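Asks: Take a look at final10.pdb, PDB, C-alpha atoms and all ligand atoms:
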ATOM      1  CA  MET A   1      69.196 238.690 252.082
ATOM      2  CA  GLN A   2      69.863 234.998 252.229
ATOM      3  CA  ILE A   3      66.721 232.901 252.739
ATOM      4  CA  THR A   4      68.480 229.516 252.519
ATOM      5  CA  PRO A   5      71.939 228.566 251.196
ATOM      6  CA  TYR A   6      70.335 228.302 247.751
ATOM      7  CA  ILE A   7      67.812 231.158 247.780
ATOM      8  CA  HIS A   8      68.534 234.873 248.016
ATOM      9  CA  ALA A   9      65.962 237.685 248.128
ATOM     10  CA  LEU A  10      66.702 241.176 246.899
ATOM     11  CA  LYS A  11      64.248 243.939 247.860
ATOM     12  CA  THR A  12      64.275 246.481 245.028
ATOM     13  CA  PRO A  13      62.542 249.883 244.845
ATOM     14  CA  LEU A  14      59.196 250.331 243.112
ATOM     15  CA  GLY A  15      59.298 254.047 242.394
ATOM     16  CA  PRO A  16      60.316 256.780 244.828
ATOM     17  CA  ASP A  17      57.984 255.721 247.670
ATOM     18  CA  PRO A  18      60.176 253.765 250.138
ATOM     19  CA  GLY A  19      57.156 251.721 251.237
ATOM     20  CA  ARG A  20      56.773 250.155 247.796
ATOM     21  CA  PHE A  21      59.091 247.425 246.608
ATOM     22  CA  VAL A  22      59.384 244.341 244.437
ATOM     23  CA  TYR A  23      61.434 241.298 245.361
ATOM     24  CA  VAL A  24      63.894 239.733 242.945
ATOM     25  CA  TYR A  25      64.796 236.163 243.909
ATOM     26  CA  LEU A  26      68.043 234.418 243.033
ATOM     27  CA  ILE A  27      68.585 230.678 243.069
ATOM     28  CA  TYR A  28      72.177 229.649 243.469
ATOM     29  CA  GLY A  29      72.645 226.293 241.777
ATOM     30  CA  ASP A  30      75.357 225.344 239.318
ATOM     31  CA  GLY A  31      74.661 228.708 237.711
ATOM     32  CA  ILE A  32      72.338 231.429 238.934
ATOM     33  CA  THR A  33      68.619 231.534 238.120
ATOM     34  CA  VAL A  34      66.904 234.922 238.504
ATOM     35  CA  ILE A  35      63.172 235.077 239.260
ATOM     36  CA  ASP A  36      61.828 238.472 238.096
ATOM     37  CA  THR A  37      64.033 241.483 237.490
ATOM     38  CA  GLY A  38      62.436 244.643 238.943
ATOM     39  CA  PHE A  39      62.135 247.873 236.999
ATOM     40  CA  ASN A  40      64.662 249.050 234.421
ATOM     41  CA  GLY A  41      67.905 249.919 236.250
ATOM     42  CA  THR A  42      67.572 247.093 238.790
ATOM     43  CA  GLU A  43      70.229 245.137 236.883
ATOM     44  CA  LYS A  44      72.905 247.089 238.782
ATOM     45  CA  LEU A  45      71.429 246.130 242.166
ATOM     46  CA  ILE A  46      71.253 242.504 241.044
ATOM     47  CA  THR A  47      74.816 242.319 239.695
ATOM     48  CA  ASP A  48      76.233 244.200 242.718
ATOM     49  CA  TYR A  49      74.410 241.837 245.057
ATOM     50  CA  ILE A  50      75.681 238.743 243.258
ATOM     51  CA  ARG A  51      79.267 240.036 243.491
ATOM     52  CA  SER A  52      78.790 240.823 247.197
ATOM     53  CA  THR A  53      78.061 237.127 247.781
ATOM     54  CA  GLY A  54      81.271 236.030 246.064
ATOM     55  CA  ARG A  55      79.615 234.904 242.847
ATOM     56  CA  ASP A  56      79.679 236.504 239.428
ATOM     57  CA  PRO A  57      76.820 237.886 237.284
ATOM     58  CA  SER A  58      78.190 235.926 234.311
ATOM     59  CA  GLU A  59      76.855 232.841 236.128
ATOM     60  CA  ILE A  60      73.257 233.932 235.383
ATOM     61  CA  ARG A  61      71.936 231.260 233.028
ATOM     62  CA  LEU A  62      68.209 231.812 233.163
ATOM     63  CA  ILE A  63      65.754 234.595 234.006
ATOM     64  CA  ILE A  64      62.244 233.404 234.802
ATOM     65  CA  LEU A  65      59.576 236.094 234.538
ATOM     66  CA  THR A  66      56.473 235.264 236.572
ATOM     67  CA  HIS A  67      54.421 237.539 234.291
ATOM     68  CA  ALA A  68      54.722 240.446 231.852
ATOM     69  CA  HIS A  69      54.255 243.465 234.156
ATOM     70  CA  PRO A  70      57.038 246.073 233.957
ATOM     71  CA  ASP A  71      58.006 245.878 237.651
ATOM     72  CA  HIS A  72      59.002 242.242 236.967
ATOM     73  CA  THR A  73      60.409 242.474 233.440
ATOM     74  CA  GLY A  74      62.046 245.933 233.521
ATOM     75  CA  SER A  75      65.704 244.949 233.657
ATOM     76  CA  ALA A  76      65.463 241.597 231.829
ATOM     77  CA  HIS A  77      66.695 243.064 228.539
ATOM     78  CA  ALA A  78      69.679 244.752 230.233
ATOM     79  CA  LEU A  79      70.587 241.601 232.204
ATOM     80  CA  ARG A  80      70.398 239.488 229.085
ATOM     81  CA  ASP A  81      72.709 241.910 227.277
ATOM     82  CA  LEU A  82      75.175 241.586 230.159
ATOM     83  CA  THR A  83      75.078 237.814 230.470
ATOM     84  CA  GLY A  84      73.602 236.265 227.316
ATOM     85  CA  CYS A  85      71.190 234.280 229.505
ATOM     86  CA  THR A  86      67.870 232.773 228.389
ATOM     87  CA  ILE A  87      64.529 234.363 229.294
ATOM     88  CA  ALA A  88      61.670 232.069 230.294
ATOM     89  CA  ALA A  89      57.963 232.838 230.726
ATOM     90  CA  HIS A  90      54.481 231.445 230.110
ATOM     91  CA  PRO A  91      53.272 231.586 226.477
ATOM     92  CA  LEU A  92      50.281 233.794 227.368
ATOM     93  CA  ASP A  93      52.483 236.540 228.868
ATOM     94  CA  ALA A  94      55.430 236.128 226.481
ATOM     95  CA  PRO A  95      54.088 238.583 223.838
ATOM     96  CA  GLY A  96      54.030 241.425 226.405
ATOM     97  CA  ILE A  97      57.634 240.619 227.321
ATOM     98  CA  GLU A  98      58.847 240.451 223.742
ATOM     99  CA  HIS A  99      56.888 243.508 222.631
ATOM    100  CA  PRO A 100      56.209 245.756 225.632
ATOM    101  CA  ASP A 101      53.676 248.564 225.442
ATOM    102  CA  PRO A 102      55.605 251.452 223.801
ATOM    103  CA  MET A 103      54.591 253.653 226.768
ATOM    104  CA  LEU A 104      56.851 251.549 229.004
ATOM    105  CA  LEU A 105      59.858 252.196 226.781
ATOM    106  CA  LYS A 106      59.562 255.997 227.000
ATOM    107  CA  PRO A 107      60.587 258.154 229.970
ATOM    108  CA  PRO A 108      57.393 258.762 232.013
ATOM    109  CA  ALA A 109      58.730 262.263 232.826
ATOM    110  CA  PRO A 110      61.862 264.214 231.904
ATOM    111  CA  GLY A 111      64.901 262.842 233.708
ATOM    112  CA  ILE A 112      63.156 259.598 234.706
ATOM    113  CA  GLN A 113      64.216 256.447 232.917
ATOM    114  CA  PRO A 114      61.682 254.227 231.145
ATOM    115  CA  MET A 115      60.173 251.422 233.221
ATOM    116  CA  VAL A 116      61.394 248.689 230.855
ATOM    117  CA  SER A 117      64.870 248.411 229.308
ATOM    118  CA  GLY A 118      63.491 246.858 226.112
ATOM    119  CA  GLY A 119      61.611 243.939 224.644
ATOM    120  CA  VAL A 120      63.426 240.666 224.969
ATOM    121  CA  PRO A 121      62.889 237.309 223.223
ATOM    122  CA  VAL A 122      61.434 234.573 225.401
ATOM    123  CA  GLY A 123      63.717 231.635 224.605
ATOM    124  CA  ARG A 124      61.969 229.126 226.809
ATOM    125  CA  LEU A 125      58.207 228.828 227.163
ATOM    126  CA  LEU A 126      57.037 227.533 230.531
ATOM    127  CA  GLU A 127      53.737 225.762 230.862
ATOM    128  CA  GLU A 128      52.091 223.860 233.689
ATOM    129  CA  GLY A 129      54.189 220.885 234.738
ATOM    130  CA  ALA A 130      57.512 222.087 233.304
ATOM    131  CA  VAL A 131      60.529 221.391 235.512
ATOM    132  CA  ILE A 132      63.587 223.652 235.503
ATOM    133  CA  ASP A 133      66.872 222.090 236.515
ATOM    134  CA  CYS A 134      68.959 224.708 238.350
ATOM    135  CA  GLY A 135      71.794 222.277 239.137
ATOM    136  CA  ASN A 136      72.925 221.216 242.652
ATOM    137  CA  GLY A 137      69.847 218.984 242.845
ATOM    138  CA  LEU A 138      67.570 222.030 242.669
ATOM    139  CA  ALA A 139      64.481 221.536 240.497
ATOM    140  CA  LEU A 140      61.839 224.233 240.074
ATOM    141  CA  ASP A 141      58.318 223.059 239.275
ATOM    142  CA  VAL A 142      56.302 225.458 237.139
ATOM    143  CA  LEU A 143      52.716 226.015 238.272
ATOM    144  CA  SER A 144      50.322 227.785 235.933
ATOM    145  CA  THR A 145      48.508 230.150 238.330
ATOM    146  CA  PRO A 146      46.466 232.582 236.236
ATOM    147  CA  GLY A 147      44.292 235.344 237.652
ATOM    148  CA  HIS A 148      46.589 238.334 238.131
ATOM    149  CA  THR A 149      47.413 237.986 234.420
ATOM    150  CA  PRO A 150      46.472 235.123 232.061
ATOM    151  CA  GLY A 151      50.068 233.880 231.905
ATOM    152  CA  SER A 152      51.072 234.290 235.555
ATOM    153  CA  ILE A 153      53.191 231.417 236.819
ATOM    154  CA  SER A 154      54.460 230.390 240.235
ATOM    155  CA  LEU A 155      57.460 228.228 241.040
ATOM    156  CA  PHE A 156      57.975 225.551 243.668
ATOM    157  CA  LEU A 157      61.436 224.507 244.750
ATOM    158  CA  GLY A 158      60.760 221.119 246.299
ATOM    159  CA  LYS A 159      64.196 220.703 247.879
ATOM    160  CA  GLU A 160      63.568 223.787 250.048
ATOM    161  CA  LEU A 161      59.734 223.595 250.095
ATOM    162  CA  ALA A 162      59.860 227.168 248.785
ATOM    163  CA  LEU A 163      56.984 228.773 246.854
ATOM    164  CA  PHE A 164      57.582 231.804 244.623
ATOM    165  CA  THR A 165      54.202 233.363 243.906
ATOM    166  CA  GLY A 166      54.910 236.492 241.821
ATOM    167  CA  ASP A 167      51.829 238.735 242.074
ATOM    168  CA  THR A 168      49.275 235.947 242.378
ATOM    169  CA  VAL A 169      48.648 236.488 246.104
ATOM    170  CA  GLN A 170      46.964 239.893 246.345
ATOM    171  CA  ALA A 171      47.796 241.283 249.766
ATOM    172  CA  PRO A 172      45.199 243.352 251.675
ATOM    173  CA  GLY A 173      45.989 247.067 251.632
ATOM    174  CA  ARG A 174      47.462 246.955 248.147
ATOM    175  CA  ALA A 175      45.637 247.929 244.955
ATOM    176  CA  PRO A 176      43.841 244.775 243.741
ATOM    177  CA  ILE A 177      44.990 243.928 240.216
ATOM    178  CA  TYR A 178      43.601 240.890 238.448
ATOM    179  CA  THR A 179      42.156 239.949 235.096
ATOM    180  CA  ASP A 180      40.201 236.869 236.233
ATOM    181  CA  PRO A 181      39.003 236.545 239.838
ATOM    182  CA  VAL A 182      37.697 232.993 239.324
ATOM    183  CA  ALA A 183      41.102 231.812 238.098
ATOM    184  CA  LEU A 184      42.773 233.766 240.892
ATOM    185  CA  VAL A 185      40.702 232.116 243.640
ATOM    186  CA  ARG A 186      41.478 228.702 242.133
ATOM    187  CA  SER A 187      45.196 229.563 242.043
ATOM    188  CA  LEU A 188      45.149 230.608 245.714
ATOM    189  CA  ARG A 189      43.333 227.431 246.714
ATOM    190  CA  ARG A 190      45.898 225.460 244.781
ATOM    191  CA  PHE A 191      48.659 227.036 246.893
ATOM    192  CA  LYS A 192      46.750 226.208 250.068
ATOM    193  CA  ALA A 193      46.641 222.560 249.020
ATOM    194  CA  ILE A 194      50.455 222.324 248.919
ATOM    195  CA  PRO A 195      51.420 220.796 252.262
ATOM    196  CA  GLY A 196      54.334 221.898 254.416
ATOM    197  CA  ILE A 197      55.416 225.069 252.616
ATOM    198  CA  ARG A 198      58.520 226.256 254.447
ATOM    199  CA  HIS A 199      59.284 229.500 252.577
ATOM    200  CA  TYR A 200      56.652 231.797 251.092
ATOM    201  CA  LEU A 201      58.294 234.178 248.612
ATOM    202  CA  PRO A 202      55.953 236.792 247.088
ATOM    203  CA  SER A 203      56.902 239.858 245.026
ATOM    204  CA  HIS A 204      55.306 242.769 246.893
ATOM    205  CA  ASP A 205      54.975 241.413 250.405
ATOM    206  CA  ALA A 206      57.621 240.309 252.897
ATOM    207  CA  PRO A 207      58.759 236.687 252.654
ATOM    208  CA  ALA A 208      57.272 234.448 255.334
ATOM    209  CA  GLN A 209      57.853 231.011 256.797
ATOM    210  CA  GLY A 210      55.748 227.964 257.569
ATOM    211  CA  GLU A 211      52.222 228.444 258.910
ATOM    212  CA  GLU A 212      52.342 232.189 258.194
ATOM    213  CA  THR A 213      52.157 231.224 254.503
ATOM    214  CA  TYR A 214      48.696 229.732 254.903
ATOM    215  CA  ARG A 215      47.529 232.724 256.963
ATOM    216  CA  ARG A 216      48.577 235.080 254.133
ATOM    217  CA  LEU A 217      46.748 232.914 251.578
ATOM    218  CA  ASP A 218      43.575 233.029 253.693
ATOM    219  CA  GLU A 219      43.914 236.810 254.036
ATOM    220  CA  SER A 220      44.203 237.163 250.279
ATOM    221  CA  LEU A 221      41.112 235.031 249.691
ATOM    222  CA  ALA A 222      39.222 237.132 252.245
ATOM    223  CA  TYR A 223      40.408 240.292 250.463
ATOM    224  CA  ILE A 224      39.025 239.080 247.118
ATOM    225  CA  ARG A 225      35.728 238.172 248.797
ATOM    226  CA  CYS A 226      35.579 241.625 250.427
ATOM    227  CA  ILE A 227      36.318 243.373 247.110
ATOM    228  CA  HIS A 228      33.633 241.338 245.368
ATOM    229  CA  GLY A 229      31.132 242.291 248.082
ATOM    230  CA  ILE A 230      31.920 246.009 247.794
ATOM    231  CA  ILE A 231      31.565 245.910 243.999
ATOM    232  CA  ARG A 232      28.280 243.991 244.201
ATOM    233  CA  ASN A 233      26.816 246.475 246.716
ATOM    234  CA  ALA A 234      28.022 249.474 244.718
ATOM    235  CA  VAL A 235      26.453 248.143 241.529
ATOM    236  CA  ALA A 236      23.159 247.402 243.316
ATOM    237  CA  GLU A 237      23.015 251.003 244.576
ATOM    238  CA  THR A 238      23.975 252.587 241.239
ATOM    239  CA  PRO A 239      21.244 253.154 238.672
ATOM    240  CA  GLY A 240      22.112 252.487 235.037
ATOM    241  CA  THR A 241      25.317 251.015 233.700
ATOM    242  CA  PRO A 242      28.090 251.254 236.281
ATOM    243  CA  ASP A 243      31.172 253.274 235.349
ATOM    244  CA  SER A 244      34.189 251.232 236.359
ATOM    245  CA  LEU A 245      36.350 254.290 237.044
ATOM    246  CA  VAL A 246      33.712 255.716 239.409
ATOM    247  CA  LEU A 247      33.443 252.308 241.086
ATOM    248  CA  ALA A 248      37.248 252.251 241.353
ATOM    249  CA  GLY A 249      37.127 255.459 243.402
ATOM    250  CA  ARG A 250      34.520 253.996 245.741
ATOM    251  CA  LEU A 251      36.356 250.679 246.057
ATOM    252  CA  SER A 252      39.643 252.453 246.817
ATOM    253  CA  SER A 253      38.083 254.541 249.560
ATOM    254  CA  GLU A 254      36.258 251.579 251.141
ATOM    255  CA  LEU A 255      39.494 249.575 251.107
ATOM    256  CA  GLY A 256      41.457 252.524 252.512
ATOM    257  CA  LEU A 257      43.715 252.729 249.457
ATOM    258  CA  PRO A 258      45.151 256.023 248.201
ATOM    259  CA  ALA A 259      42.497 257.502 245.883
ATOM    260  CA  GLY A 260      42.776 259.825 242.939
ATOM    261  CA  PRO A 261      43.591 259.487 239.280
ATOM    262  CA  GLY A 262      46.685 257.724 238.035
ATOM    263  CA  PRO A 263      47.665 254.309 236.782
ATOM    264  CA  HIS A 264      46.238 252.586 239.851
ATOM    265  CA  ALA A 265      42.722 253.875 239.170
ATOM    266  CA  ALA A 266      42.866 252.391 235.658
ATOM    267  CA  PHE A 267      44.202 249.069 236.989
ATOM    268  CA  ILE A 268      41.505 248.911 239.677
ATOM    269  CA  ALA A 269      38.837 249.770 237.088
ATOM    270  CA  ARG A 270      40.000 246.794 235.026
ATOM    271  CA  THR A 271      39.880 244.564 238.115
ATOM    272  CA  ILE A 272      36.285 245.712 238.662
ATOM    273  CA  GLU A 273      35.376 244.926 235.054
ATOM    274  CA  ALA A 274      36.898 241.455 235.518
ATOM    275  CA  ASP A 275      34.861 240.967 238.698
ATOM    276  CA  LEU A 276      31.649 242.107 236.993
ATOM    277  CA  SER A 277      32.102 239.766 234.041
ATOM    278  CA  ALA A 278      33.240 236.751 236.101
ATOM    279  CA  GLN A 279      31.062 233.662 235.816
ATOM    280  CA  GLY A 280      30.404 231.645 238.941
ATOM    281  CA  LEU A 281      32.413 233.799 241.361
ATOM    282  CA  ASP A 282      29.648 233.887 244.020
ATOM    283  CA  GLU A 283      29.399 230.111 244.033
ATOM    284  CA  LEU A 284      33.170 229.703 244.128
ATOM    285  CA  LEU A 285      33.610 232.165 247.015
ATOM    286  CA  GLY A 286      30.743 230.504 248.862
ATOM    287  CA  GLU A 287      32.402 227.073 248.817
TER     288      GLU A 287
HETATM  289 ZN    ZN B 301      51.927 242.206 238.265
HETATM  290 ZN    ZN B 302      54.253 243.347 240.516
END
Would it be possible to restate this file's structure as structure tokens?
Replies:
Amino acid sequence: MQITPYIHALKTPLGPDPGRFVYVYLIYGDGITVIDTGFNGTEKLITDYIRSTGRDPSEIRLIILTHAHPDHTGSAHALRDLTGCTIAAHPLDAPGIEHPDPMLLKPPAPGIQPMVSGGVPVGRLLEEGAVIDCGNGLALDVLSTPGHTPGSISLFLGKELALFTGDTVQAPGRAPIYTDPVALVRSLRRFKAIPGIRHYLPSHDAPAQGEETYRRLDESLAYIRCIHGIIRNAVAETPGTPDSLVLAGRLSSELGLPAGPGPHAAFIARTIEADLSAQGLDELLGE
């Protein structure tokens, strides 16, 4: 899907459930810059799409990974093998990209391919304030926006007033995953302070335009506040030391998320632990 003459969005599957997806974004400058790569195997969707637009995958010069999670890094190794491009990411998430958890490199079940095609060297480290020249007058500003992971970054393409947010904006109705709610709230407020955003380009939510961007940011902030409230109430009602997996079950049901064991329960439990250990979250949310 073409968003602007320079930006393309590719909706790629996130497992067998058709309702779950992750967006890969392509920036067509002098060469092609890829923002996130989907799970292992997505390289074929990406290269087929590029050919369908009359360009060639060999034009891929740079892959920017917004963070180290496998649904963003999965096909980076395969794409690099195909094109010889450079991989770029924030220093705090680079180790997980170069040396993925061995679990991600094994088939999760017989006949199912591993989530990640392999570890891949990060040839360019991106910190706050870095600017990436994509050619054609297209410059991407790197914003350090921690919270979902310590090394999560977002990208702003000033020429198109387009904001690529990775997983930083946690959408209501999806499993909340963050390592630092205080940093996350600050990152969301930072987005809100950017005036005149024309294209909002998240990973697991549909792209949006203009004012809708700011509505989504407000919804995400309200979601974090709601989650914090549920956790606080649950802890107050639970005698003894709270068990984060038990709290995860309660949080999931109060948020209307699919319950039960599985990777999501562990992720939500970690989010709860991050919420419980956060310093100054009440004051920040009250501002
Ligand atoms: Zn993620
Ligand atoms: Zn993701």
Asks: Convert the output of the PyMOL selection byres (((chain A and resi 5) around 12) and not hetatm) on the shown file into explicit residues, formatted as a PyMOL selection string.
Replies: chain A and resi 1-4+6-9+26-29+53+136+138+159-160
Asks: Export C-alpha atoms of the chosen residues as a tab-separated table (two decimals), keeping the file's coordinate frame?
Replies:
chain	number	residue	atom	x	y	z
A	1	MET	CA	69.20	238.69	252.08
A	2	GLN	CA	69.86	235.00	252.23
A	3	ILE	CA	66.72	232.90	252.74
A	4	THR	CA	68.48	229.52	252.52
A	6	TYR	CA	70.33	228.30	247.75
A	7	ILE	CA	67.81	231.16	247.78
A	8	HIS	CA	68.53	234.87	248.02
A	9	ALA	CA	65.96	237.68	248.13
A	26	LEU	CA	68.04	234.42	243.03
A	27	ILE	CA	68.58	230.68	243.07
A	28	TYR	CA	72.18	229.65	243.47
A	29	GLY	CA	72.64	226.29	241.78
A	53	THR	CA	78.06	237.13	247.78
A	136	ASN	CA	72.92	221.22	242.65
A	138	LEU	CA	67.57	222.03	242.67
A	159	LYS	CA	64.20	220.70	247.88
A	160	GLU	CA	63.57	223.79	250.05
Asks: Can you work out which residues are within 12 Å of ligand ZN 301 (chain B), considering only C-alpha atoms and all ligand atoms, and then hand them over as a VMD selection string?
Replies: chain A and resid 14 22 to 23 36 38 to 39 65 to 74 93 146 to 153 165 to 170 174 to 179 202 to 204 264 267
Asks: Measuring atom to atom with only C-alpha atoms and all ligand atoms, identify which of A:Ser244, A:Ser277, A:Ser253, A:Thr12 is nearest to ligand ZN 302 (chain B).
Replies: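 Under the stated criterion, the closest residue is A:Thr12.
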Asks: Got a sec: who's within 7 Å of segment 61-64 of chain A, counting all atoms listed in the file, leaving out chain neighbours fewer than 2 positions off, as a PyMOL selection string?
Replies: chain A and resi 31-36+59+66+85-89
Asks: Please dump the current selection as a CSV table (one decimal), keeping the file's coordinate frame; keep C-alpha atoms.
Replies:
chain,number,residue,atom,x,y,z
A,31,GLY,CA,74.7,228.7,237.7
A,32,ILE,CA,72.3,231.4,238.9
A,33,THR,CA,68.6,231.5,238.1
A,34,VAL,CA,66.9,234.9,238.5
A,35,ILE,CA,63.2,235.1,239.3
A,36,ASP,CA,61.8,238.5,238.1
A,59,GLU,CA,76.9,232.8,236.1
A,66,THR,CA,56.5,235.3,236.6
A,85,CYS,CA,71.2,234.3,229.5
A,86,THR,CA,67.9,232.8,228.4
A,87,ILE,CA,64.5,234.4,229.3
A,88,ALA,CA,61.7,232.1,230.3
A,89,ALA,CA,58.0,232.8,230.7
Asks: Given the file shown, enumerate the residues that the PyMOL selection byres (((chain A and resi 114-119) around 9) and not hetatm) captures and present them as an MDAnalysis selection string.
Replies: chainID A and resid 39:41 70:71 73:78 96:100 103:109 112:113 120:121
Asks: Taking the file as I've supplied it (selection: the PyMOL selection byres (((chain A and resi 162) around 9) and not hetatm)), which residues are included? Please answer as a ChimeraX atom specification.
Replies: /A:7,155-161,163-164,197-201
Asks: Can I get the selected residues back with C-alpha atoms, as a short mmCIF file (atom, residue, chain, number, x, y, z; two decimals), in the coordinates of the input?
Replies:
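Result file part-v3.cif:
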data_model
loop_
_atom_site.label_atom_id
_atom_site.label_comp_id
_atom_site.auth_asym_id
_atom_site.auth_seq_id
_atom_site.Cartn_x
_atom_site.Cartn_y
_atom_site.Cartn_z
CA ILE A 7 67.81 231.16 247.78
CA LEU A 155 57.46 228.23 241.04
CA PHE A 156 57.98 225.55 243.67
CA LEU A 157 61.44 224.51 244.75
CA GLY A 158 60.76 221.12 246.30
CA LYS A 159 64.20 220.70 247.88
CA GLU A 160 63.57 223.79 250.05
CA LEU A 161 59.73 223.60 250.10
CA LEU A 163 56.98 228.77 246.85
CA PHE A 164 57.58 231.80 244.62
CA ILE A 197 55.42 225.07 252.62
CA ARG A 198 58.52 226.26 254.45
CA HIS A 199 59.28 229.50 252.58
CA TYR A 200 56.65 231.80 251.09
CA LEU A 201 58.29 234.18 248.61
#
Asks: Go ahead and fit an axis-aligned box to every listed atom of segment 207-225 of chain A plus 4 Å each side, and pass me the centre and edge lengths in Å, one decimal, as AutoDock Vina command-line options.
Replies:
--center_x 47.2 --center_y 234.1 --center_z 253.0 --size_x 31.0 --size_y 20.3 --size_z 19.8
